[in-house]
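Input: a single structure, listed below in structure tokens.
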Amino acid sequence: MKRTAFAAVSAIALVAGTSAFAGPEAEVLHYWTSGGEAKSVAVLQEEFAANGGTWTDMPVAGGGGDAAMTALRARVLSGNAPTAVQLKGPAIQEWYEEGVLADISNVAEAEGWANVLPASIAAHMQCEGTWCAAPVNVHRVDWIWANAEILEANGITMPTTWDEFNTAADKLMAAGIIPLAHGGQAWQDATVFETVVLGLGGAEFYQQALVDLDPAALTSDTMLASFDQMRKLRGYVDGNFSGRDWNLATAMVMNGEAAFQIMGDWAKGEFLAAGKTPGTDFLCASTPGDGFLYNVDSFAMFDVAGDDKRAGQDLLAKLIVGQNFQKVFNMNKGSIPARDDVDLAAFDSCAHLSAKDMGASSDGGSLMPSYAHGMALRGAQAGAITDVVTAHFNSDMSSADAVKMLADAVANSY
Amino acid sequence: MSDWLENHLPKAVLAPSFIAVLIFVYGFIAWTGWVSFTRSRLLPKYEIEGIIQYERLFASPRWDTAMNNLLLFGALFIVISMVLGLLLAILLDQQIRTEGVIRTIYLYPMALSMIVTGTAWKWILNPGLGIEAMVRGWGFESFTFDWLVNPDYAIYTVVLAGVWQSSGFVMALFLAGLRSVDEEIIKAAQVDGIPTWRIYSAIIIPSMAPIFLSAFIVLAHLAIKSFDLVIALTGGGPGYATDLPATYMYAMAFSRGDIGQAASSAMVMMGVVFAIVVPYLYSELRPRND
């Protein structure tokens, strides 16, 4: 409360000299347009208005953000950037290099972001030392979801290694159950692939291979083994998986057609919406192996002219990382707060596990950015890897060929 | 004064569209060409870096797949649409009573957008929902028709849907061509007792050569810029087995922030179009000797 007052006073002080100040203004470009997401963003909108701000909504649906990025490109090229834009991961740095991001360090420092955000997530929000973006949430990508009833009926516990997973899957196959519900879209193939790489190689290898793109790691035996495991997984999905949407795959687990699904925690929303209870109807666990792959949504602040817009930007940044919004938004969205000091009492057991693992992996150095969801690499490099992963998964390519193709594709993507 | 108007009015009327075409077609072609020689990523940059983007393009296995698919899809799509269209047109040309109704039915797919066609065929061909599931439901348990999800055959489903959409249009083109053949010649041939199939193969079809060329040009450019059909039908999958140059370009420009790469693929696509259109224009525009 004190902080709000302080911010309000400082905002007024800041603009006292200008007569045109009409209160904080923000034009926000985002692609949260589906039901649950739209509800989540409305929370921010209301809070912004309650603090005296004027919110101009600019939702651009379609293409998982591609359409929004096209709109952004057009706006930036015409010299009229929105105040805040839903951007994430290396894309923030890419836009920073184009010289169009603003510096919101004053807000970040006043609010003590560095103390409450995990270091690796905070690093994404900083552009050469200054803060340029505000994190909204943390999605965990390396989740494996399971139908509790099927596992119990077949005497299977949640696998903690990929070998255990394979044993369980063989058992399920023999029992006539589809072991793995999967949708054959490139990004879903990539999601499974990165959890396999993390599980088989560990966090250090993941860092070398999928973050640093070290050629030695990309052509290593561990990478070969990862593709071998992908080939095994290909045998555990049903014949009709091509092009299936992820939520249909989730429904297969829900309805008992399939036992497992590997998908980020947005899948939890599907289970909850269908009235299922975590722990009794469905189980959540991290994918086999250690580590934590995060996918952090954030708002990057663009360089805008005018005091009212800049005041809006600061207010928005403060609210986004504020405890209240982090809590309400993430309960709606199924993710967990990016800051570690939010009261999680009202969250479900999967979120608790996620928050606990995030803290532990941040301390242990295994908190890793998800490559499949655009957190680890730039578009061209991530896309090059995904091409190889999906080509391998959807054909009978050998692992050796895939590894060679992977190294070539990465080298060719710069 | 009126002379002057008469001389210059057409030019004055055409000037705006001429200028618009100059800027928005040729200007942007030049712009894309320029960008294709740069290292543009998220936003266009203008420092020329040489042919690096083309080297990357031709080293990319995905582009390879896209070009092979274009060849395969283009050839099959054009040939099958033309053969089917011609056949339908000839059958319709037999002065049958319900011609109007049938012609409309065959033309209707053309009224649908490719997205609708693609989505409908996606459901029809989906092994779990469509034909395969239906035939299995009749008791033929071993029946398999999984082209859509088979990376080796998925491109043929794109051909199938494309042909379904376009052959009616080709039929209409050919039908108009058949009707434009001089009635007198046909009658004379009939009087001479020449069989109908000979009349078609020796008289009518050869005299429709310009129509073939038009149909070919229309279908060829449809094939090269094919995008929405693939997106709706297979999404480029399984994997990237049904990628076409247009979907490749879209992925690079809009999903991956690799504008230089997208520009170079666009230039190559334009080269392919030119390779087809320029000979056509040349043959159309050259001064007639006769």
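Residue numbering restarts at 1 for every chain of the structure tokens, chains are lettered A, B, ... in their displayed order, and ligands are numbered from 1 as they appear.
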
Output the contact residues of chain B with respect to chain A at a cut-off of 9 Å, based on only C-alpha atoms, as a tab-separated table (two decimals) with C-alpha atoms, in the first residue's frame.
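That gives us result04.tsv:
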```
chain	number	residue	atom	x	y	z
B	41	ARG	CA	16.37	-11.57	-38.82
B	42	LEU	CA	13.49	-10.10	-36.88
B	43	LEU	CA	13.33	-6.84	-38.80
B	55	GLU	CA	23.54	-20.98	-49.44
B	56	ARG	CA	21.58	-21.64	-46.28
B	57	LEU	CA	18.45	-22.26	-48.29
B	59	ALA	CA	21.73	-26.55	-47.61
B	60	SER	CA	18.42	-26.97	-45.80
B	61	PRO	CA	16.89	-30.45	-46.04
B	62	ARG	CA	13.50	-28.95	-45.31
B	126	ASN	CA	-8.28	-39.09	-40.93
B	127	PRO	CA	-7.86	-42.81	-40.19
B	128	GLY	CA	-9.67	-42.53	-36.86
B	146	ASP	CA	-3.67	-43.90	-43.70
B	148	LEU	CA	-2.80	-38.56	-44.35
B	149	VAL	CA	-0.64	-39.68	-41.44
B	150	ASN	CA	1.96	-41.52	-43.50
B	151	PRO	CA	4.92	-39.24	-44.27
B	152	ASP	CA	5.58	-41.02	-47.58
B	234	THR	CA	-1.81	-31.49	-42.93
B	235	GLY	CA	-0.26	-28.44	-41.29
B	237	GLY	CA	3.10	-32.64	-41.45
B	238	PRO	CA	3.65	-35.38	-40.55
B	239	GLY	CA	6.93	-33.80	-39.55
B	240	TYR	CA	7.50	-31.50	-42.48
B	241	ALA	CA	6.68	-34.16	-45.06
B	251	ALA	CA	7.49	-20.40	-41.28
B	252	MET	CA	10.74	-18.50	-41.78
B	254	PHE	CA	6.52	-15.25	-39.36
B	255	SER	CA	7.35	-18.03	-36.90
B	256	ARG	CA	11.12	-17.97	-36.80
B	257	GLY	CA	12.08	-14.36	-37.29
B	258	ASP	CA	14.37	-15.20	-40.19
```

I need the residues of stretch 32-211 of chain A that end up classed as helix (DSSP H, G or I) by DSSP on the backbone, written out as a PyMOL selection string. chain A and resi 35-50+63-77+90-97+105-111+113-116+119-124+148-153+162-174+186-211

Test item: residues at most 8 Å from A:Cys132, only C-alpha atoms, excluding those fewer than 5 positions along its chain, as a VMD selection string: chain A and resid 101 to 105 125 to 127 300 to 301

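Counting only C-alpha atoms and comparing B:Leu173, B:Ile155, B:Ile259, B:Ile115, the residue that lies closest to B:Ala66 is B:Ile155.
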
Suppose you want the space between atom CA of A:Pro288 and atom CA of A:Asp170; what is it in Å?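 Between these atoms lies a distance of 16.1 Å.
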
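Counting only C-alpha atoms, the residue from A:Ser349, A:Ser120, A:Asn137, A:Thr54 that sits nearest to A:Ser362 is A:Ser120.
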
Figure out the distance between atom CA of B:Thr247 and atom CA of B:Lys225, please, to one decimal in Å. 9.1 Å

What is the atom CA of A:His352-atom CA of A:Asn330 distance in Å, reported with one decimal?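 Atom-to-atom, atom CA of A:His352 to atom CA of A:Asn330, that is 12.3 Å.
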
Excluding stretch 206-215 of chain B and any residue of its chain fewer than 5 positions from it, enumerate the residues within 9 Å of it, using only C-alpha atoms, and give them as a PyMOL selection string. chain B and resi 78+82+170+173-174+176-178+180-181+200-201+220+280

Store the residues picked out above, limited to N, CA and C atoms, as a CSV table (one decimal), in the first residue's frame.
```csv
chain,number,residue,atom,x,y,z
B,78,ILE,N,-1.5,-30.7,-61.7
B,78,ILE,CA,-1.8,-30.1,-63.0
B,78,ILE,C,-2.3,-31.2,-64.0
B,82,MET,N,-6.2,-31.6,-65.3
B,82,MET,CA,-6.5,-31.3,-66.7
B,82,MET,C,-7.2,-32.5,-67.3
B,170,VAL,N,-11.4,-26.4,-64.2
B,170,VAL,CA,-10.8,-26.8,-65.5
B,170,VAL,C,-11.9,-27.3,-66.5
B,173,LEU,N,-13.5,-24.4,-68.1
B,173,LEU,CA,-12.7,-23.8,-69.1
B,173,LEU,C,-12.8,-24.6,-70.4
B,174,PHE,N,-12.6,-25.9,-70.2
B,174,PHE,CA,-12.6,-26.8,-71.4
B,174,PHE,C,-14.0,-26.8,-72.1
B,176,ALA,N,-16.1,-24.4,-72.3
B,176,ALA,CA,-16.2,-23.2,-73.1
B,176,ALA,C,-15.4,-23.4,-74.4
B,177,GLY,N,-14.2,-24.1,-74.2
B,177,GLY,CA,-13.4,-24.3,-75.4
B,177,GLY,C,-14.1,-25.2,-76.4
B,178,LEU,N,-14.7,-26.3,-75.9
B,178,LEU,CA,-15.4,-27.2,-76.8
B,178,LEU,C,-16.5,-26.5,-77.5
B,180,SER,N,-16.6,-23.5,-78.4
B,180,SER,CA,-16.2,-22.5,-79.3
B,180,SER,C,-15.6,-23.1,-80.6
B,181,VAL,N,-15.5,-24.4,-80.7
B,181,VAL,CA,-15.0,-25.0,-81.9
B,181,VAL,C,-16.1,-24.9,-83.0
B,200,TYR,N,-13.0,-35.9,-81.7
B,200,TYR,CA,-12.4,-35.2,-80.6
B,200,TYR,C,-10.9,-35.2,-80.7
B,201,SER,N,-10.3,-36.3,-81.0
B,201,SER,CA,-8.8,-36.4,-80.9
B,201,SER,C,-8.1,-35.7,-82.0
B,220,ALA,N,-0.8,-24.0,-62.7
B,220,ALA,CA,0.6,-24.0,-62.3
B,220,ALA,C,0.8,-22.9,-61.2
B,280,TYR,N,5.3,-18.5,-71.7
B,280,TYR,CA,4.0,-18.3,-72.1
B,280,TYR,C,3.8,-16.9,-72.7
```

Within stretch 105-347 of chain A, find each residue whose DSSP state, derived from the backbone, is strand (DSSP E), and express the selection as number ranges by chain. A: 126-127, 130-131, 133-135, 139-140, 143-147, 178-181, 258-262, 282-286, 292-295, 298-301

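Taking only C-alpha atoms into account, A:Lys39 lies nearest to A:Met331 out of the set A:Met331, A:Ala209, A:Ala119, A:Leu367.
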
Can you work out which one of B:Ala133, B:Ala172, B:Ile52, B:Met110 has the shortest atom-to-atom distance to B:Leu92, counting only C-alpha atoms?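 That would be B:Ala172, the residue with the smallest distance to B:Leu92.
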
Spatial neighbours of A:Met263, 8 Å, only C-alpha atoms, chain gap at least 3 places, as a PyMOL selection string: chain A and resi 141-145+188+191-192+246+266-267

Take the residues from that selection and put them in a file with N, CA and C atoms, as an mmCIF file, in the first residue's frame.
```
data_model
loop_
_atom_site.group_PDB
_atom_site.id
_atom_site.type_symbol
_atom_site.label_atom_id
_atom_site.label_comp_id
_atom_site.auth_asym_id
_atom_site.auth_seq_id
_atom_site.Cartn_x
_atom_site.Cartn_y
_atom_site.Cartn_z
ATOM 1 N N VAL A 141 7.364 -27.201 -18.208
ATOM 2 C CA VAL A 141 7.125 -27.955 -19.438
ATOM 3 C C VAL A 141 7.300 -29.449 -19.206
ATOM 4 N N ASP A 142 8.253 -29.828 -18.353
ATOM 5 C CA ASP A 142 8.572 -31.262 -18.230
ATOM 6 C C ASP A 142 7.656 -31.968 -17.241
ATOM 7 N N TRP A 143 6.388 -31.975 -17.565
ATOM 8 C CA TRP A 143 5.391 -32.717 -16.782
ATOM 9 C C TRP A 143 5.031 -33.998 -17.506
ATOM 10 N N ILE A 144 4.769 -35.022 -16.726
ATOM 11 C CA ILE A 144 4.119 -36.193 -17.306
ATOM 12 C C ILE A 144 2.824 -36.413 -16.540
ATOM 13 N N TRP A 145 1.736 -36.503 -17.314
ATOM 14 C CA TRP A 145 0.398 -36.650 -16.726
ATOM 15 C C TRP A 145 -0.034 -38.090 -16.905
ATOM 16 N N GLN A 188 4.908 -30.229 -30.396
ATOM 17 C CA GLN A 188 4.687 -31.273 -29.398
ATOM 18 C C GLN A 188 5.812 -32.300 -29.457
ATOM 19 N N THR A 191 8.570 -30.764 -27.633
ATOM 20 C CA THR A 191 8.349 -30.765 -26.185
ATOM 21 C C THR A 191 8.789 -32.095 -25.580
ATOM 22 N N VAL A 192 8.394 -33.189 -26.229
ATOM 23 C CA VAL A 192 8.789 -34.501 -25.726
ATOM 24 C C VAL A 192 10.306 -34.662 -25.826
ATOM 25 N N TRP A 246 -3.014 -30.844 -28.797
ATOM 26 C CA TRP A 246 -2.560 -31.344 -27.496
ATOM 27 C C TRP A 246 -3.707 -31.623 -26.557
ATOM 28 N N TRP A 266 -0.153 -26.460 -18.765
ATOM 29 C CA TRP A 266 -1.441 -25.990 -19.283
ATOM 30 C C TRP A 266 -2.387 -27.178 -19.465
ATOM 31 N N ALA A 267 -1.841 -28.397 -19.552
ATOM 32 C CA ALA A 267 -2.703 -29.581 -19.656
ATOM 33 C C ALA A 267 -3.549 -29.753 -18.392
#
```

Nearby residues (only C-alpha atoms) at most 9 Å from A:Gly289, same-chain spacing under 2 positions excluded, as a ChimeraX atom specification: /A:160-162,195-196,198-202,286-287,291

Determine, counting only C-alpha atoms, which protein, DNA and RNA residues have an atom within 12 Å of an atom of B:Leu229; residues of the same chain fewer than 4 positions away are not included. Present the result as an NGL selection string. :B and (73 or 112-122 or 155 or 157-166 or 222-225 or 233-236 or 242-244 or 246-247)

Residues from the last selection, C-alpha atoms, saved as a short mmCIF file (atom, residue, chain, number, x, y, z; two decimals), in the first residue's frame:
```
data_model
loop_
_atom_site.label_atom_id
_atom_site.label_comp_id
_atom_site.auth_asym_id
_atom_site.auth_seq_id
_atom_site.Cartn_x
_atom_site.Cartn_y
_atom_site.Cartn_z
CA PHE B 73 2.40 -31.98 -56.19
CA LEU B 112 -15.13 -23.05 -51.38
CA SER B 113 -12.00 -21.63 -49.91
CA MET B 114 -9.01 -23.94 -49.76
CA ILE B 115 -9.24 -23.84 -45.97
CA VAL B 116 -12.70 -25.41 -46.07
CA THR B 117 -11.58 -27.99 -48.62
CA GLY B 118 -8.53 -28.82 -46.54
CA THR B 119 -10.45 -29.14 -43.30
CA ALA B 120 -13.17 -31.30 -44.84
CA TRP B 121 -10.63 -33.64 -46.44
CA LYS B 122 -8.64 -33.74 -43.21
CA ILE B 155 1.64 -35.28 -50.16
CA THR B 157 -3.64 -36.37 -50.06
CA VAL B 158 -2.82 -32.75 -50.85
CA VAL B 159 -3.00 -33.65 -54.55
CA LEU B 160 -6.32 -35.39 -53.98
CA ALA B 161 -7.91 -32.40 -52.25
CA GLY B 162 -6.40 -29.96 -54.75
CA VAL B 163 -7.74 -31.92 -57.71
CA TRP B 164 -11.16 -32.20 -56.12
CA GLN B 165 -11.21 -28.44 -55.74
CA SER B 166 -9.89 -27.45 -59.15
CA LEU B 222 -2.18 -22.26 -58.06
CA ALA B 223 0.25 -25.08 -57.36
CA ILE B 224 3.23 -22.84 -56.72
CA LYS B 225 1.45 -20.52 -54.35
CA LEU B 233 -5.08 -30.37 -44.49
CA THR B 234 -1.81 -31.49 -42.93
CA GLY B 235 -0.26 -28.44 -41.29
CA GLY B 236 2.86 -29.32 -43.28
CA THR B 242 4.13 -31.98 -46.88
CA ASP B 243 5.93 -28.66 -46.66
CA LEU B 244 5.73 -26.56 -49.81
CA ALA B 246 5.10 -21.18 -49.58
CA THR B 247 4.72 -22.79 -46.16
#
```
